[in-house]
Amino acid sequence: MAMYIVKDECTSCGDCEPICPTQSIVKKKGLYAINADTCTECEGDFDDPQCVDVCPISNCILPLEA
Ligand code: SF4
Ligand code: SF4
């Protein structure tokens with residue numbers, strides 16, 4: 001299970017990147033993306049995905065397998 005960033009919604013504000021407990025949010029060519037191989041949806045670290053909580057845009061970070 002992993003989250004992904006909807007590219008058309010993301011403003012590249014960068015707020016999500018430092019709060020990820022698994023360092024799964026990376027910036028590539030100015031765009032932020034989530035590494036699905038390492039994203040845990042914050043299980044074991046927090047009750048909710050921290051990137052979703054901090055992102056100022058609703059529906060910008062969604063579950064990959066929804
Ligand atoms: S859900 Fe958690 S582990 Fe996955 S990218 Fe967001 S902050 Fe990182
Ligand atoms: S917090 Fe949201 S808008 Fe900001 S870089 Fe992360 S995904 Fe994009």
# chains A, B, ... in the order shown; residues from 1 in each chain; ligands from 1

$ residues_near_ligand --ligand "ligand 1" --cutoff "8 Å" --atoms "only C-alpha atoms and all ligand atoms" --output "number ranges by chain"
A: 2-4, 16-17, 19-25, 34-36, 38-43, 46, 48-52

$ residues_near_ligand --ligand "ligand 2" --cutoff "10 Å" --atoms "only C-alpha atoms and all ligand atoms" --output "PyMOL selection string"
chain A and resi 4-19+25-27+30-34+50-62

$ select_by_dssp --residues "chain A" --states "strand (DSSP E)" --output "MDAnalysis selection string"
chainID A and resid 3:5 25:28 31:34 61:63

$ select_by_dssp --residues "chain A" --states "helix (DSSP H, G or I)" --output "VMD selection string"
chain A and resid 17 to 19 50 to 54
